[in-house]
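Novice: coords_21.txt is the file, holding compact mmCIF, C-alpha atoms:
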# COMPACT_ATOMS: atom_id res chain seq x y z
CA MET A 1 5.93 13.36 21.84
CA ALA A 2 7.46 16.58 20.53
CA GLU A 3 6.46 15.39 17.12
CA CYS A 4 2.79 15.30 18.10
CA ASP A 5 2.88 18.78 19.61
CA ALA A 6 4.41 20.13 16.47
CA ALA A 7 1.70 18.48 14.45
CA GLY A 8 -1.01 20.04 16.58
CA ASP A 9 -0.84 23.53 15.16
CA LEU A 10 -0.18 22.39 11.64
CA SER A 11 -3.57 23.12 10.27
CA THR A 12 -3.21 26.82 11.02
CA ASP A 13 0.15 28.57 10.54
CA THR A 14 2.48 25.82 9.39
CA LEU A 15 0.38 24.91 6.41
CA ALA A 16 0.56 28.40 5.02
CA SER A 17 4.12 29.27 5.90
CA THR A 18 6.20 26.15 5.29
CA PRO A 19 8.68 26.91 2.55
CA LEU A 20 8.60 24.09 0.08
CA ASN A 21 9.11 23.54 -3.59
CA LYS A 22 5.45 22.86 -3.92
CA PRO A 23 2.72 24.64 -2.04
CA MET A 24 2.05 22.90 1.26
CA THR A 25 -1.59 22.36 0.53
CA THR A 26 -0.64 20.19 -2.40
CA THR A 27 1.61 18.02 -0.26
CA ALA A 28 -1.07 17.77 2.42
CA GLN A 29 -3.58 16.77 -0.21
CA GLN A 30 -1.21 14.19 -1.65
CA ILE A 31 -0.72 12.70 1.78
CA ALA A 32 -4.46 12.67 2.41
CA ASP A 33 -5.01 10.86 -0.88
CA HIS A 34 -3.20 7.84 0.52
CA ARG A 35 -5.38 7.51 3.58
CA ASP A 36 -7.47 4.63 2.27
CA TYR A 37 -4.40 2.81 1.10
CA LEU A 38 -2.80 3.10 4.55
CA MET A 39 -6.04 2.09 6.26
CA LYS A 40 -6.14 -1.14 4.33
CA PHE A 41 -2.80 -2.32 5.71
CA ALA A 42 -3.41 -0.94 9.18
CA ARG A 43 -6.65 -2.93 9.36
CA LEU A 44 -5.04 -6.04 7.99
CA GLN A 45 -2.24 -5.90 10.54
CA LEU A 46 -4.10 -4.64 13.60
CA ARG A 47 -7.51 -6.26 13.13
CA ASN A 48 -9.06 -3.61 15.30
CA PRO A 49 -10.79 -0.64 13.64
CA SER A 50 -9.93 1.94 16.30
CA TRP A 51 -6.29 0.86 16.50
CA ALA A 52 -6.14 1.12 12.72
CA GLU A 53 -7.68 4.60 12.81
CA ASP A 54 -5.14 5.67 15.41
CA ALA A 55 -2.21 4.28 13.47
CA VAL A 56 -3.24 6.01 10.25
CA SER A 57 -4.07 9.32 11.94
CA GLU A 58 -0.71 9.36 13.67
CA THR A 59 0.99 8.50 10.41
CA MET A 60 -0.67 11.39 8.61
CA LEU A 61 0.16 13.80 11.46
CA ALA A 62 3.78 12.70 11.50
CA ALA A 63 3.98 13.03 7.73
CA LEU A 64 2.43 16.50 7.78
CA SER A 65 4.74 17.65 10.55
CA LYS A 66 7.86 16.94 8.51
CA PRO A 67 6.72 17.30 4.96
CA GLN A 68 9.17 16.37 2.28
CA ALA A 69 9.02 16.92 -1.41
CA PHE A 70 8.96 13.72 -3.43
CA GLU A 71 9.53 13.36 -7.08
CA SER A 72 6.88 10.75 -7.51
CA ARG A 73 3.69 9.50 -5.99
CA ALA A 74 5.35 6.14 -5.51
CA GLN A 75 8.12 7.62 -3.37
CA LEU A 76 5.63 9.41 -1.18
CA LYS A 77 3.71 6.18 -0.72
CA THR A 78 6.83 4.25 0.25
CA TRP A 79 7.66 6.92 2.81
CA LEU A 80 4.13 6.88 4.25
CA VAL A 81 4.06 3.09 4.55
CA GLY A 82 7.39 3.28 6.36
CA ILE A 83 5.94 5.71 8.90
CA LEU A 84 2.80 3.60 9.23
CA LYS A 85 4.85 0.53 10.08
CA HIS A 86 6.50 2.38 12.95
CA LYS A 87 3.17 3.63 14.28
CA VAL A 88 1.70 0.15 14.01
CA VAL A 89 4.59 -1.33 15.98
CA ASP A 90 4.03 1.29 18.71
CA ILE A 91 0.38 0.32 18.98
CA LEU A 92 1.15 -3.40 19.05
CA ARG A 93 3.75 -2.83 21.74
CA LEU A 94 1.27 -0.89 23.86
CA ALA A 95 -1.39 -3.55 23.43
CA GLY A 96 1.09 -6.23 24.52
CA ARG A 97 -0.35 -9.64 25.17
CA GLU A 98 -3.75 -8.55 23.94
CA VAL A 99 -2.38 -8.78 20.42
CA ALA A 100 -2.10 -12.53 20.67
CA THR A 101 -5.36 -13.16 22.48
CA GLY A 102 -8.91 -11.97 22.17
CA GLY A 103 -11.76 -13.64 20.37
CA ASN A 104 -12.10 -17.37 20.40
CA ASP A 105 -9.40 -19.29 18.68
CA PRO A 106 -11.06 -21.78 16.37
CA ASP A 107 -7.85 -23.79 16.28
CA ALA A 108 -7.44 -24.05 20.05
CA ASN A 109 -8.56 -27.65 20.36
CA GLU A 110 -7.41 -28.93 17.06
CA ASP A 111 -4.15 -29.58 15.30
CA PRO A 112 -4.57 -27.74 12.02
CA LEU A 113 -2.33 -30.30 10.38
CA GLU A 114 -5.38 -32.53 10.65
CA ASN A 115 -6.93 -30.49 7.86
CA ILE A 116 -4.44 -32.03 5.54
CA ALA A 117 -5.33 -35.65 5.14
CA PHE A 118 -2.72 -37.95 6.59
CA GLN A 119 -2.98 -41.71 6.80
CA ALA A 120 -2.73 -43.42 10.16
CA ASP A 121 0.95 -44.04 9.52
CA GLY A 122 1.56 -40.32 8.98
CA HIS A 123 1.78 -40.36 5.19
CA PHE A 124 -0.05 -37.91 2.97
CA VAL A 125 -3.27 -39.41 1.63
CA GLU A 126 -2.79 -37.36 -1.50
CA LYS A 127 0.39 -35.80 -2.77
CA PRO A 128 0.46 -32.04 -2.22
CA ALA A 129 -0.55 -30.36 -5.46
CA GLU A 130 1.94 -28.68 -7.73
CA TRP A 131 1.11 -25.02 -7.41
CA GLY A 132 3.11 -23.84 -10.38
CA ASN A 133 4.24 -20.27 -10.57
CA PRO A 134 1.68 -17.54 -9.97
CA GLU A 135 4.00 -14.75 -11.09
CA GLN A 136 4.67 -16.30 -14.40
CA ASP A 137 1.38 -17.06 -15.98
CA LEU A 138 -1.12 -15.31 -13.80
CA ASN A 139 -2.08 -11.81 -12.91
CA GLN A 140 0.04 -10.87 -9.94
CA ARG A 141 -2.29 -8.20 -8.66
CA GLN A 142 -5.16 -10.67 -8.56
CA PHE A 143 -2.98 -13.13 -6.71
CA PHE A 144 -2.17 -10.49 -4.10
CA GLU A 145 -5.86 -9.77 -3.68
CA VAL A 146 -6.47 -13.43 -2.91
CA LEU A 147 -3.51 -13.38 -0.54
CA GLU A 148 -5.08 -10.44 1.29
CA VAL A 149 -8.47 -12.14 1.48
CA CYS A 150 -6.80 -15.18 3.00
CA MET A 151 -5.06 -12.98 5.58
CA GLU A 152 -8.36 -11.28 6.41
CA GLN A 153 -9.88 -14.68 7.04
CA LEU A 154 -7.28 -15.66 9.62
CA PRO A 155 -8.47 -15.42 13.22
CA GLY A 156 -7.38 -12.02 14.64
CA PRO A 157 -4.50 -13.11 16.88
CA GLN A 158 -3.06 -15.38 14.19
CA ALA A 159 -3.34 -12.61 11.60
CA ARG A 160 -1.57 -10.06 13.79
CA LEU A 161 1.33 -12.38 14.57
CA PHE A 162 1.57 -13.64 11.01
CA LEU A 163 1.71 -10.10 9.65
CA MET A 164 4.20 -9.03 12.29
CA ARG A 165 6.45 -11.64 10.73
CA GLU A 166 5.54 -11.16 7.10
CA TRP A 167 4.70 -7.49 6.81
CA LEU A 168 6.61 -5.82 9.64
CA GLU A 169 9.47 -8.32 9.25
CA LEU A 170 10.05 -8.68 12.96
CA ASP A 171 11.92 -11.71 14.17
CA CYS A 172 10.33 -14.09 16.63
CA GLU A 173 12.54 -12.98 19.49
CA GLU A 174 11.43 -9.35 19.08
CA ILE A 175 7.78 -10.33 18.85
CA CYS A 176 7.97 -12.42 22.04
CA LYS A 177 9.74 -9.62 23.86
CA GLU A 178 7.38 -6.86 22.76
CA LEU A 179 4.21 -8.85 23.40
CA LYS A 180 5.48 -10.81 26.40
CA LEU A 181 4.70 -14.10 24.74
CA THR A 182 6.46 -17.39 25.17
CA SER A 183 8.14 -18.63 22.04
CA THR A 184 6.06 -21.81 22.20
CA ASN A 185 2.88 -19.78 22.13
CA LEU A 186 4.13 -17.70 19.22
CA TYR A 187 5.28 -20.72 17.20
CA VAL A 188 1.97 -22.50 17.70
CA GLN A 189 0.01 -19.51 16.43
CA LEU A 190 2.30 -18.95 13.46
CA HIS A 191 2.11 -22.63 12.61
CA ARG A 192 -1.68 -22.42 12.57
CA ALA A 193 -1.66 -19.24 10.54
CA ARG A 194 0.68 -20.68 7.92
CA LEU A 195 -1.40 -23.82 7.56
CA ARG A 196 -4.56 -21.77 7.18
CA MET A 197 -2.89 -19.61 4.56
CA ARG A 198 -1.79 -22.70 2.69
CA GLU A 199 -5.26 -24.16 2.81
CA CYS A 200 -6.88 -20.89 1.76
CA LEU A 201 -4.55 -20.40 -1.20
CA GLU A 202 -5.07 -23.94 -2.33
CA LEU A 203 -8.81 -23.43 -2.21
CA LYS A 204 -9.06 -19.95 -3.66
CA TRP A 205 -6.19 -19.77 -6.08
CA PHE A 206 -4.64 -23.06 -6.95
CA GLY A 207 -7.82 -25.07 -6.95
CA SER A 208 -8.59 -27.80 -4.47
CA PRO A 209 -6.94 -31.09 -5.36
CA LYS A 210 -9.56 -32.84 -3.28
CA SER A 211 -12.19 -32.11 -5.90
CA ALA A 212 -9.96 -33.42 -8.67
CA MET B 1 13.68 -41.97 20.64
CA ARG B 2 13.66 -42.76 16.96
CA PRO B 3 15.44 -39.78 15.47
CA ARG B 4 15.91 -41.58 12.18
CA LEU B 5 12.33 -42.03 11.18
CA LYS B 6 9.76 -39.31 10.94
CA THR B 7 6.39 -39.49 9.32
CA CYS B 8 5.31 -37.06 6.60
CA LYS B 9 3.12 -35.38 9.15
CA GLN B 10 6.05 -34.77 11.48
CA VAL B 11 8.20 -33.57 8.61
CA ALA B 12 5.42 -31.24 7.44
CA ALA B 13 5.33 -29.74 10.94
CA LEU B 14 9.10 -29.18 10.85
CA LEU B 15 8.92 -27.62 7.39
CA ILE B 16 6.36 -25.14 8.67
CA ALA B 17 8.39 -24.45 11.80
CA ARG B 18 11.38 -23.73 9.56
CA GLU B 19 9.60 -20.62 8.27
CA ASP B 20 9.90 -19.07 11.73
CA ARG B 21 12.83 -20.63 13.50
CA ALA B 22 16.08 -22.38 12.75
CA LEU B 23 15.76 -26.12 13.06
CA SER B 24 18.24 -28.07 15.15
CA LEU B 25 20.94 -29.89 13.25
CA PRO B 26 19.40 -33.34 13.86
CA ASP B 27 16.04 -32.04 12.65
CA ARG B 28 17.60 -30.57 9.54
CA VAL B 29 19.29 -33.88 8.75
CA VAL B 30 16.14 -35.87 9.35
CA VAL B 31 14.09 -33.50 7.16
CA GLN B 32 16.60 -33.63 4.32
CA LEU B 33 16.84 -37.41 4.41
CA HIS B 34 13.09 -37.64 4.41
CA LEU B 35 12.73 -35.22 1.50
CA TRP B 36 15.14 -37.27 -0.61
CA ALA B 37 13.24 -40.46 0.04
CA CYS B 38 9.67 -39.19 0.05
CA ASP B 39 7.35 -38.77 -2.87
CA ALA B 40 4.92 -36.31 -1.30
CA CYS B 41 6.81 -34.02 1.11
CA PRO B 42 8.94 -32.23 -1.51
CA GLY B 43 5.67 -30.99 -3.00
CA PHE B 44 4.63 -29.64 0.39
CA GLU B 45 8.01 -27.98 0.73
CA ARG B 46 7.59 -26.34 -2.70
CA GLN B 47 4.22 -24.97 -1.61
CA LEU B 48 5.79 -23.41 1.48
CA LEU B 49 8.65 -21.94 -0.53
CA LEU B 50 6.18 -20.47 -2.97
CA MET B 51 4.26 -18.92 -0.08
CA ARG B 52 7.47 -17.52 1.35
CA ASN B 53 8.29 -15.95 -2.00
CA ALA B 54 4.73 -14.70 -2.49
CA MET B 55 4.71 -12.98 0.90
CA LYS B 56 8.00 -11.31 0.10
CA GLN B 57 6.65 -9.96 -3.16
CA TRP B 58 3.43 -8.88 -1.51
CA ARG B 59 5.46 -7.01 1.11
CA ASN B 60 7.30 -5.10 -1.62
CA TYR B 61 4.04 -4.47 -3.36
CA THR B 62 2.47 -3.01 -0.18
CA THR B 63 5.31 -0.57 0.09
CA ASN B 64 4.91 0.56 -3.45
CA ASP B 65 2.36 -0.72 -5.94
CA GLU B 66 3.05 1.95 -8.51
CA LYS B 67 6.31 0.74 -9.95
The structure in this file should be written as structure tokens.

Specialist:
Amino acid sequence: MAECDAAGDLSTDTLASTPLNKPMTTTAQQIADHRDYLMKFARLQLRNPSWAEDAVSETMLAALSKPQAFESRAQLKTWLVGILKHKVVDILRLAGREVATGGNDPDANEDPLENIAFQADGHFVEKPAEWGNPEQDLNQRQFFEVLEVCMEQLPGPQARLFLMREWLELDCEEICKELKLTSTNLYVQLHRARLRMRECLELKWFGSPKSA
Amino acid sequence: MRPRLKTCKQVAALLIAREDRALSLPDRVVVQLHLWACDACPGFERQLLLMRNAMKQWRNYTTNDEK
């Protein structure tokens, strides 16, 4: 809380008087330059435009209230993403169960494993395709873009829980505790999210073996 | 109870679950035995491992894409 108060009067005196290696305005500008970048991940994780706005605004305020000089743009970015992750966790914690609900779950009445063709005896109809190695022979940045599109296409609750695992690196116990979810509920949603991600990557990046 | 035999579909479900929780010892044994004997499931496992690795790299990339 004290942090927020301190940030409140930043725009007036602090900006001009903070002793820093570089002029404060430059640092403030550098921080502001990363806004869009931060918004992208806040949106991806929170799947709620106003939550994302809040998370990024609070991140920028926190960053401005304790400005640090960084040698490189990359270091500043790493620092900002670190702050953003904390702000995002706060918002998720406040939202509680809402994080894992909301909207209609397209997978509610269906086992997503059914999307992979299994024979009646439980065998794969077709062998899972060899995906090869995307880092080796393919443009990694493009692969990440596809990965992000696939995450955007997850239903909101699945996306939030999936990213809490994969981006925020929370363990399942923490997630259940913070969101007041049962572990069964969490595992079911993560299972669905992972299968959807697999399906999406196969379709958009590795090429569908079904058409082969 | 037939702990010995699992179908590919059941093994696939366990392989996915393994990304988020530790499997019980009997489940781990059953999965490993199945993977040795099965023609298709090791491919599914490789896909999941690739996804695990991809997400890890993406996470590093989100923190800093200017290396």

Novice: Using all atoms listed in the file, I'd like every residue of chain B that has an atom within 6 Å of chain A; please write them out as a count of residues only.

Specialist: 10

Novice: State, in Å with one decimal place, the distance from atom CA of A:Lys87 to atom CA of A:Ala32.

Specialist: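 A separation of 16.8 Å between them.
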
Novice: Which residues are close to A:Gly96, i.e. within 9 Å by all atoms listed in the file, leaving aside same-chain residues fewer than 6 positions away? Reply as a ChimeraX atom specification.

Specialist: /A:178-181

Novice: When distances are computed from all atoms listed in the file, which of B:Ala22, B:Asn60, B:Lys6, B:Ala13 shows the smallest separation from B:Glu45?

Specialist: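 Closest to B:Glu45 of all the choices is B:Ala13.
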
Novice: For a cutoff of 9 Å around the file-coordinate point (14.2, -29.7, 3.3), which residues qualify once you count all atoms listed in the file? I'd like the result as a tab-separated table (two decimals) with C-alpha atoms, in the frame of the given file.

Specialist:
chain	number	residue	atom	x	y	z
B	11	VAL	CA	8.20	-33.57	8.61
B	15	LEU	CA	8.92	-27.62	7.39
B	28	ARG	CA	17.60	-30.57	9.54
B	29	VAL	CA	19.29	-33.88	8.75
B	30	VAL	CA	16.14	-35.87	9.35
B	31	VAL	CA	14.09	-33.50	7.16
B	32	GLN	CA	16.60	-33.63	4.32
B	33	LEU	CA	16.84	-37.41	4.41
B	34	HIS	CA	13.09	-37.64	4.41
B	35	LEU	CA	12.73	-35.22	1.50
B	36	TRP	CA	15.14	-37.27	-0.61
B	41	CYS	CA	6.81	-34.02	1.11
B	42	PRO	CA	8.94	-32.23	-1.51
B	45	GLU	CA	8.01	-27.98	0.73

Novice: Find the distance between atom CA of B:Ala17 and atom CA of B:Arg46 and write it in Å to one decimal.

Specialist: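 Answer for the atom CA of B:Ala17 to atom CA of B:Arg46 separation: 14.6 Å.
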
Novice: Which residues are close to stretch 153-159 of chain A, i.e. within 9 Å by all atoms listed in the file, leaving aside same-chain residues fewer than 2 positions away? Reply as a ChimeraX atom specification.

Specialist: /A:44-48,98-107,148-151,161-164,189-190,192-193,196-197,200

Novice: Box along x, y and z, 3 Å on every side, all listed atoms of stretch 58-64 of chain B inside: centre and edge lengths in Å to one decimal, as JSON.

Specialist:
{"center_x": 4.9, "center_y": -4.2, "center_z": -1.2, "size_x": 10.8, "size_y": 15.4, "size_z": 10.6}

Novice: Check the smallest atom-to-atom distance from each of B:Thr62, B:Asp27, B:Ile16, B:Gln10 to B:Leu48 using only C-alpha atoms, then report the winner.

Specialist: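 For B:Leu48, the nearest of the given residues is B:Ile16.
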
Novice: Quote the spacing between atom CA of A:Thr59 and atom CA of A:Met39 in Å to one decimal place.

Specialist: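 The value is 10.4 Å.
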
Novice: Identify which of the residues A:Ala28, A:Asp33, A:Leu84, A:Ala42 lies closest to A:Glu152, counting all atoms listed in the file when measuring atom-to-atom distances.

Specialist: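 Of A:Ala28, A:Asp33, A:Leu84, A:Ala42, the one nearest A:Glu152, counting all atoms listed in the file, is A:Ala42.
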
Novice: Please determine, counting all atoms listed in the file, which residue among A:Phe206, A:Ala52, A:Pro67, A:Val88 has the shortest atom-to-atom distance to B:Gln47.

Specialist: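 Closest to B:Gln47 of all the choices is A:Phe206.
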